[in-house]
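The data block below is protein-v2.cif; it holds mmCIF, C-alpha atoms.
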```cif
data_final
#
loop_
_atom_site.label_atom_id
_atom_site.label_comp_id
_atom_site.auth_asym_id
_atom_site.auth_seq_id
_atom_site.Cartn_x
_atom_site.Cartn_y
_atom_site.Cartn_z
CA MET C 215 -4.19 7.27 13.03
CA ASN C 216 -5.48 8.61 16.33
CA THR C 217 -3.46 7.93 19.45
CA ASN C 218 -3.98 8.64 23.09
CA VAL C 219 -0.84 10.10 24.60
CA SER C 220 0.03 10.68 28.25
CA ILE C 221 2.96 12.71 29.53
CA VAL C 222 5.02 10.83 32.13
CA GLU C 223 7.77 12.59 34.07
CA VAL C 224 10.76 10.53 35.15
CA GLY C 225 13.34 12.61 36.99
CA THR C 226 14.05 15.66 34.84
CA ARG C 227 12.77 14.07 31.63
CA ARG C 228 9.29 14.03 30.17
CA TYR C 229 8.12 11.11 28.03
CA ARG C 230 5.12 10.90 25.75
CA VAL C 231 3.63 7.43 26.19
CA ARG C 232 1.07 6.02 23.79
CA THR C 233 -1.71 4.63 25.92
CA GLY C 234 -3.95 3.26 23.15
CA LEU C 235 -4.49 3.18 19.42
CA ALA C 236 -7.69 3.91 17.57
CA GLY C 237 -7.94 2.11 14.24
CA SER C 238 -5.23 -0.07 12.80
CA SER C 239 -2.03 0.67 11.02
CA LYS C 240 0.85 -1.29 9.54
CA THR C 241 3.28 1.17 11.12
CA PRO C 242 4.84 -0.30 14.26
CA ALA C 243 4.16 1.52 17.51
CA ILE C 244 7.09 3.30 19.05
CA ASP C 245 6.52 2.94 22.78
CA PHE C 246 8.55 5.72 24.42
CA ARG C 247 9.62 9.01 23.03
CA ALA C 248 11.53 11.48 25.17
CA THR C 249 10.43 15.04 24.50
CA SER C 250 13.58 16.66 25.81
CA HIS C 251 17.14 15.80 26.73
CA ASN C 252 18.30 19.33 27.44
CA PRO C 253 20.51 19.37 30.54
CA PRO C 254 18.64 20.30 33.74
CA GLY C 255 19.01 23.91 34.81
CA GLU C 256 19.93 25.14 31.31
CA SER C 257 17.39 27.22 29.47
CA LYS C 258 16.15 26.37 26.00
CA ALA C 259 17.35 29.81 24.91
CA LYS C 260 20.94 28.61 25.21
CA HIS C 261 20.12 25.66 22.91
CA GLY C 262 17.70 27.59 20.68
CA LYS C 263 14.69 25.41 20.11
CA SER C 264 16.87 22.43 19.35
CA GLU C 265 16.00 19.40 21.45
CA ARG C 266 16.78 15.70 21.43
CA ILE C 267 14.23 12.88 21.37
CA SER C 268 14.70 9.14 21.63
CA LEU C 269 12.90 6.57 19.52
CA ASN C 270 12.71 2.97 20.68
CA ILE C 271 13.42 1.14 17.41
CA PRO C 272 14.23 -2.61 17.46
CA ARG C 273 17.93 -3.27 16.80
CA GLN C 274 16.97 -5.70 14.05
CA VAL C 275 15.86 -2.80 11.81
CA HIS C 276 18.72 -0.39 12.58
CA LYS C 277 20.58 -1.68 9.52
CA TYR C 278 17.76 -0.43 7.28
CA ILE C 279 17.95 3.02 8.88
CA ILE C 280 21.72 3.08 8.29
CA GLY C 281 21.62 1.59 4.78
CA PRO C 282 24.54 0.43 2.66
CA ARG C 283 27.69 2.21 3.86
CA GLY C 284 25.54 4.70 5.77
CA SER C 285 23.83 6.03 2.64
CA THR C 286 20.26 5.87 4.01
CA LEU C 287 21.28 7.56 7.26
CA ASP C 288 23.07 10.30 5.29
CA LYS C 289 19.93 10.81 3.18
CA LEU C 290 17.75 10.97 6.32
CA ARG C 291 20.05 13.60 7.81
CA GLN C 292 20.00 15.67 4.61
CA GLU C 293 16.21 15.48 4.13
CA SER C 294 15.34 16.23 7.76
CA ARG C 295 18.31 18.48 8.62
CA ALA C 296 18.34 16.72 12.02
CA LYS C 297 21.22 15.01 13.79
CA ILE C 298 20.34 11.30 13.92
CA THR C 299 22.33 8.88 16.07
CA VAL C 300 21.94 5.12 15.67
CA PRO C 301 23.74 2.91 18.24
CA PRO C 302 26.70 0.88 16.97
CA GLU C 303 25.91 -2.62 15.74
CA ARG C 304 27.60 -4.25 18.76
CA SER C 305 25.44 -2.20 21.15
CA ARG C 306 22.43 -3.79 22.85
CA SER C 307 20.51 -0.49 22.70
CA ASP C 308 17.29 0.00 20.73
CA VAL C 309 17.39 3.80 21.17
CA VAL C 310 17.78 5.99 18.08
CA GLU C 311 18.28 9.66 18.98
CA ILE C 312 17.17 12.64 16.91
CA GLU C 313 18.34 16.16 17.67
CA GLY C 314 17.15 19.34 16.01
CA LEU C 315 14.39 21.88 15.75
CA LEU C 316 10.79 20.68 16.09
CA ASP C 317 10.12 20.42 12.34
CA GLU C 318 13.48 18.67 11.79
CA ARG C 319 12.77 16.13 14.53
CA GLN C 320 9.25 15.50 13.22
CA LYS C 321 10.51 15.00 9.64
CA ALA C 322 13.27 12.64 10.82
CA GLU C 323 10.81 10.65 12.95
CA GLU C 324 8.37 10.40 10.04
CA LEU C 325 11.10 9.17 7.66
CA ILE C 326 12.47 6.66 10.18
CA THR C 327 8.96 5.33 10.91
CA GLN C 328 8.44 4.81 7.16
CA ILE C 329 11.72 2.93 6.85
CA VAL C 330 10.81 0.69 9.79
CA ALA C 331 7.34 -0.04 8.35
CA ASN C 332 8.72 -0.75 4.88
CA ASN C 333 11.41 -3.13 6.13
CA MET C 334 9.75 -4.95 9.03
CA ALA C 335 8.75 -7.83 6.71
CA LYS C 336 12.47 -8.44 6.02
CA VAL C 337 13.18 -9.12 9.71
CA PRO C 338 13.22 -12.88 10.36
CA TYR C 339 10.50 -14.47 12.46
CA THR C 340 11.55 -15.10 16.05
CA HIS C 341 8.72 -17.27 17.41
CA PHE C 342 6.48 -20.00 16.02
CA ILE C 343 3.08 -21.27 17.12
CA SER C 344 2.83 -25.00 16.45
CA LEU C 345 0.93 -28.11 17.40
CA PRO C 346 2.79 -31.41 17.82
CA LEU C 347 1.48 -34.40 15.85
CA LEU C 348 1.11 -36.84 18.71
CA ASP C 349 -1.19 -39.34 16.99
CA ILE C 350 0.60 -42.73 16.97
CA ASP C 351 -1.01 -43.76 13.66
CA VAL C 352 0.24 -40.58 11.93
CA GLN C 353 3.73 -41.11 13.33
CA ARG C 354 3.69 -44.77 12.20
CA LYS C 355 2.56 -43.82 8.65
CA VAL C 356 5.27 -41.16 8.40
CA GLY C 357 7.88 -43.70 9.54
CA GLU C 358 6.67 -46.17 6.89
CA PHE C 359 6.84 -43.45 4.24
CA GLN C 360 10.40 -42.58 5.25
CA ARG C 361 11.51 -46.22 5.07
CA ASP C 362 9.83 -46.66 1.65
CA ALA C 363 11.50 -43.48 0.36
CA GLN C 364 14.91 -44.73 1.53
CA ARG C 365 14.35 -48.09 -0.15
CA ILE C 366 13.20 -46.53 -3.47
CA LEU C 367 15.64 -43.61 -3.47
CA GLN C 368 18.78 -45.44 -2.45
CA ASN C 369 20.94 -42.34 -2.21
CA VAL C 370 18.72 -40.74 0.48
CA ASP C 371 20.31 -40.85 3.94
CA SER C 372 18.12 -41.46 7.00
CA SER C 373 19.46 -38.22 8.55
CA SER C 374 17.52 -36.35 5.84
CA PHE C 375 14.27 -37.16 7.63
CA VAL C 376 12.81 -35.71 10.80
CA HIS C 377 12.01 -38.25 13.51
CA PRO C 378 8.24 -38.94 13.31
CA GLY C 379 7.88 -38.17 17.04
CA SER C 380 8.97 -34.55 16.51
CA LEU C 381 6.57 -33.68 13.71
CA HIS C 382 4.35 -30.64 14.17
CA ILE C 383 2.04 -28.30 12.28
CA THR C 384 3.09 -24.63 12.30
CA LEU C 385 0.02 -22.44 12.78
CA GLY C 386 1.70 -19.05 12.85
CA MET C 387 4.98 -17.18 12.90
CA LEU C 388 5.69 -14.03 14.93
CA ARG C 389 8.27 -11.25 15.01
CA LEU C 390 8.74 -10.51 18.70
CA LEU C 391 11.67 -8.12 18.78
CA SER C 392 11.64 -7.01 22.41
CA PRO C 393 10.85 -8.48 25.82
CA ALA C 394 7.72 -6.30 25.84
CA ASP C 395 6.57 -7.90 22.57
CA VAL C 396 7.08 -11.36 24.08
CA THR C 397 5.10 -10.39 27.20
CA ARG C 398 2.22 -8.99 25.13
CA ALA C 399 2.11 -12.13 22.96
#
```

As C-alpha cells:
Amino acid sequence: MNTNVSIVEVGTRRYRVRTGLAGSSKTPAIDFRATSHNPPGESKAKHGKSERISLNIPRQVHKYIIGPRGSTLDKLRQESRAKITVPPERSRSDVVEIEGLLDERQKAEELITQIVANNMAKVPYTHFISLPLLDIDVQRKVGEFQRDAQRILQNVDSSSFVHPGSLHITLGMLRLLSPADVTRA
C-alpha cells in the first residue's frame, strides 16, 4: 500500500499525517502517529534510540489488543520487545502508545494493525442507512397481515409487531467509531 505522508509539527512534537491512500486495503487507516515523545531539551543519546509513538486506535477494538486476561498484549510485548500501553477500559482515549527502538516500534505497530484489521468485523455496527416505507397501501397491508397473524396464532401478542408506520428498508450498515468517521460519512 502506498501512502502520502506529511510531517506536521505541533509544539515540540512531530506527527506523520497520512494525506492520501493509493490503492485499497482492508487495514484501517491510523490517522495520527507521533514520531517522538522525548522530553524537549533532552537529547536522544540519553534515551538511546528509544522513542514513543502514539497510534489512534478506536476504543472498541482495544479489547482485542489486550486479549483474554491480557494474554494478547503480553504476546505483543514479547514478540516486538516494545513497551505497549493501552488506556484503561474506563478511559475515553483512543491512543495506544508504543515505546522502544525503531524496529521494536515498527514490529509492534505492524502486529497491532493486524489485530485491528482481523477483529474490526466483530465490532458492532453503529449507524444504519434506511428508507422509511411511507406508502399507505403497504402500511395498510402490513396492518392487515398483523391482525390476521394475531387471529390465527392466538398466543401472539400485538406488542410483538412493529407499528406499520415505522417500517423501513435497511440499505446499509456502517461502523463509524470516531467523530471523524461520522463527519467523513

Could you tell me which residues the PyMOL selection byres ((chain C and resi 355-357) around 12) returns for this structure, as a ChimeraX atom specification? /C:347-354,358-364,372,375-381

Serialized selection, C-alpha atoms, as a JSON list (two decimals), keeping the file's coordinate frame:
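This is the output file again.json:
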```json
[["chain", "number", "residue", "atom", "x", "y", "z"],
["C", 347, "LEU", "CA", 1.48, -34.40, 15.85],
["C", 348, "LEU", "CA", 1.11, -36.84, 18.71],
["C", 349, "ASP", "CA", -1.19, -39.34, 16.99],
["C", 350, "ILE", "CA", 0.60, -42.73, 16.97],
["C", 351, "ASP", "CA", -1.01, -43.76, 13.66],
["C", 352, "VAL", "CA", 0.24, -40.58, 11.93],
["C", 353, "GLN", "CA", 3.73, -41.11, 13.33],
["C", 354, "ARG", "CA", 3.69, -44.77, 12.20],
["C", 358, "GLU", "CA", 6.67, -46.17, 6.89],
["C", 359, "PHE", "CA", 6.84, -43.45, 4.24],
["C", 360, "GLN", "CA", 10.40, -42.58, 5.25],
["C", 361, "ARG", "CA", 11.51, -46.22, 5.07],
["C", 362, "ASP", "CA", 9.83, -46.66, 1.65],
["C", 363, "ALA", "CA", 11.50, -43.48, 0.36],
["C", 364, "GLN", "CA", 14.91, -44.73, 1.53],
["C", 372, "SER", "CA", 18.12, -41.46, 7.00],
["C", 375, "PHE", "CA", 14.27, -37.16, 7.63],
["C", 376, "VAL", "CA", 12.81, -35.71, 10.80],
["C", 377, "HIS", "CA", 12.01, -38.25, 13.51],
["C", 378, "PRO", "CA", 8.24, -38.94, 13.31],
["C", 379, "GLY", "CA", 7.88, -38.17, 17.04],
["C", 380, "SER", "CA", 8.97, -34.55, 16.51],
["C", 381, "LEU", "CA", 6.57, -33.68, 13.71]]
```

For the atom pair atom CA of C:Ile383 and atom CA of C:Leu367, what is the interatomic distance in Å to one decimal place? 25.8 Å

Hey, what comes out of the PyMOL selection byres ((chain C and resi 314) around 12) on this file? Could you write it as a PyMOL selection string? chain C and resi 249-252+261-268+291+294-299+311-313+315-323

Please enumerate the residues selected by the PyMOL selection byres ((chain C and resi 285-288) around 10) when evaluated against the supplied file, formatted as a ChimeraX atom specification. /C:276-284,289-293,297-300,326,329

C:Pro393 proximity check over C:Asn333, C:Ser305, C:Ser374, C:Thr340, using only C-alpha atoms: winner is C:Thr340

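Each of C:Arg389, C:Arg304, C:His382, C:Arg365 was checked against C:His341 using all atoms listed in the file; the smallest atom-to-atom distance is that of C:Arg389.
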
C:Arg306: which residues within 12 Å, counting only C-alpha atoms, same-chain residues fewer than 3 positions away excluded, as an MDAnalysis selection string? chainID C and resid 271:274 276 300:303 309:310 392

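Between atom CA of C:Leu269 and atom CA of C:Asp308 the separation is 8.0 Å.
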
Between atom CA of C:Thr397 and atom CA of C:Met334, what is the spacing in Å? 19.5 Å
